[in-house]
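Heads up, the thing below is written out as structure tokens.
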Amino acid sequence: MSTPKISKMHSRKWAEEFPLWVMALPGLLSLLIFNYLPMVGLVMAFQRLNLQKGIFSSPFCGFDNFKFLFASTDTAIVIRNTLAYNICFIVINLFLAVFMALLLSEVISRKFAKVVQTIYIMPHFLSWPVVAIIVFAFLSPTNGYLNKVVAALGGPERTNWYMITKPWPYILTVVNIWKGVGYSSIVYLAAISGISQEYYEAAMLDGASKVQQARYITVPHLKTMMTILLIMSIGGIFNGDFGLFYTVPKDSGSLYSVTNVVSTYVYRCMTELSNYGMSTAAGLLQSVVGFILVMFSNWVVNKIEPENALF
């Protein structure tokens, strides 16, 4: 093929793809401005930052910020809380999301199914300050609904739940489930709707019950989606949802032993200690560990079932 013809083909292809590039431009610019340009600030993780001198003139300190991060007495508690909560959230949310999607897929009335889907997904769009207000309505020491129920059952009338650590792991788990499971269940429901009805018709002819259909048809078809979402969740296992662990407990110092995770720890290092270098080091460590976990998880899946791997 001659060069002019190749040039014309490239020009035609570019003309066809130009509208797509224009549509993608806002997203690409957003990715560049908010995700890649700030990476210049990672240099602070290796500096003894002096705000008067600025980022590029502050003296370097090597890995001292990372050493200080791990030498802190709070590090073990922060890492324990972060990993324990995230493992719990991943396991419980995965099970409940799939279970709710299976139940919703069996609803015959389309109108009722739409109403239930809306109720499921609404908490996902609430901001954490709004969720914190809802939680406070239940846990308020003076007029909280929970205190009223406890008092009606013969317990103390005014318990300050924001001073007691024991119930908060359960409270945070319930709040996380309430806010996040609905969205995940809708994702799985969309995957279920793509399964061919021929499988279910053949199963019914063989006398399979609904439970058997879910076990041998639906769940296997969801395996790829479950694996991808699981890999992505594992990548964030070293991150703590800042809104959940900071806003919902109202930053109560009495609850730090059960609410302090990496994200809140980094924030407090930056605001209370003005240690920007250590907070940047902690954030960089989160990203590196998350990247390694995603790659390792995907490698394991590739070894077991390559067709379910993320890449």
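Here's how to read the names in the structure tokens: chain A, B, ... by the order shown, residue numbers from 1 in each chain, ligand numbers from 1 in the order shown.
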TODO: Identify all residues of segment 88-182 of chain A in alpha helix (DSSP H) (DSSP on the backbone) and supply them as number ranges by chain.
DONE: A: 88-105, 110-121, 128-139, 145-152, 168-182
Residues of segment 88-185 of chain A that approach segment 200-224 of chain A to 10 Å or less, counting only C-alpha atoms: could you list each one with the shortest pair of atoms and its distance in Å to one decimal, rows by chain and increasing residue number, as JSON lines?
{"residue": "A:Val98", "atom": "CA", "partner": "A:Val219", "partner_atom": "CA", "distance": 8.3}
{"residue": "A:Phe99", "atom": "CA", "partner": "A:Ala214", "partner_atom": "CA", "distance": 9.8}
{"residue": "A:Leu102", "atom": "CA", "partner": "A:Ala214", "partner_atom": "CA", "distance": 7.3}
{"residue": "A:Leu103", "atom": "CA", "partner": "A:Ala214", "partner_atom": "CA", "distance": 9.9}
{"residue": "A:Glu106", "atom": "CA", "partner": "A:Lys210", "partner_atom": "CA", "distance": 8.9}
Can you spit out the residues from that selection as a short mmCIF file (atom, residue, chain, number, x, y, z; two decimals), in the first residue's frame, using N, CA, C and O atoms?
data_model
loop_
_atom_site.label_atom_id
_atom_site.label_comp_id
_atom_site.auth_asym_id
_atom_site.auth_seq_id
_atom_site.Cartn_x
_atom_site.Cartn_y
_atom_site.Cartn_z
N VAL A 98 -23.95 -9.73 47.42
CA VAL A 98 -24.37 -10.83 46.54
C VAL A 98 -25.72 -11.38 47.00
O VAL A 98 -26.61 -11.65 46.18
N PHE A 99 -25.89 -11.53 48.31
CA PHE A 99 -27.15 -12.06 48.85
C PHE A 99 -28.32 -11.14 48.52
O PHE A 99 -29.38 -11.60 48.08
N LEU A 102 -29.18 -11.37 44.84
CA LEU A 102 -29.91 -12.60 44.54
C LEU A 102 -31.38 -12.46 44.94
O LEU A 102 -32.28 -12.88 44.20
N LEU A 103 -31.63 -11.86 46.10
CA LEU A 103 -33.02 -11.65 46.53
C LEU A 103 -33.75 -10.71 45.59
O LEU A 103 -34.90 -10.96 45.20
N GLU A 106 -35.06 -11.97 42.25
CA GLU A 106 -36.23 -12.84 42.28
C GLU A 106 -37.54 -12.08 42.42
O GLU A 106 -38.61 -12.69 42.44
#
Considering only C-alpha atoms, give me a table of residues in segment 105-176 of chain A that are at most 9 Å from segment 234-255 of chain A, with the closest atom pair and distance in Å for each, as a tab-separated table.
residue	atom	partner	partner_atom	distance
A:Ser127	CA	A:Gly243	CA	8.4
A:Trp128	CA	A:Gly243	CA	5.4
A:Pro129	CA	A:Thr247	CA	6.3
A:Val131	CA	A:Val248	CA	7.0
A:Ala132	CA	A:Val248	CA	4.4
A:Ile133	CA	A:Val248	CA	7.9
A:Val135	CA	A:Val248	CA	7.1
A:Phe136	CA	A:Val248	CA	8.0
A:Tyr162	CA	A:Ser252	CA	6.5
A:Met163	CA	A:Ser254	CA	5.4
A:Ile164	CA	A:Leu255	CA	7.0
A:Thr165	CA	A:Leu255	CA	5.4
A:Trp168	CA	A:Leu255	CA	8.0
A:Leu172	CA	A:Leu244	CA	7.2
A:Val175	CA	A:Leu244	CA	8.1
A:Asn176	CA	A:Leu244	CA	7.5
- [ ] Find the residue from A:Gly277, A:Gly290, A:Gly194, A:Gly27 that sits nearest to Lys67 of chain A; use only C-alpha atoms when measuring.
- [x]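 Checking each candidate against Lys67 of chain A, we get A:Gly277 as the closest.
Look at Pro306 of chain A: the protein and nucleic acid residues within 12 Å of it, using only C-alpha atoms and passing over chain neighbours fewer than 6 places away, are Thr224, Thr227, Ile228, Ser297, Asn298, Trp299 and Val300 of chain A.
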Open item on the list: Can you pull out the residues contacting segment 68-75 of chain A? Cut-off 10 Å, using only C-alpha atoms, and skip same-chain residues under 5 positions away; I want them as a PyMOL selection string.
Closed with: chain A and resi 63+80-81+256-257+260-262+265-266+269+277-279+281-282
- [ ] Kindly give the distance, in Å, that separates atom CA of Val43 of chain A and atom CA of Ser287 of chain A, rounded to a single decimal.
- [x]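 If I compute the distance from atom CA of Val43 of chain A to atom CA of Ser287 of chain A, I get 14.4 Å.
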- [ ] Using only C-alpha atoms, pick whichever of A:Ala76, A:Leu310, A:Val258, A:Met270 has the shortest atom-to-atom distance to Leu49 of chain A.
- [x] A:Met270
- [ ] Quick one: pull the distance between atom CA of Ile195 of chain A and atom CA of Val301 of chain A, Å, one decimal.
- [x] 22.7 Å
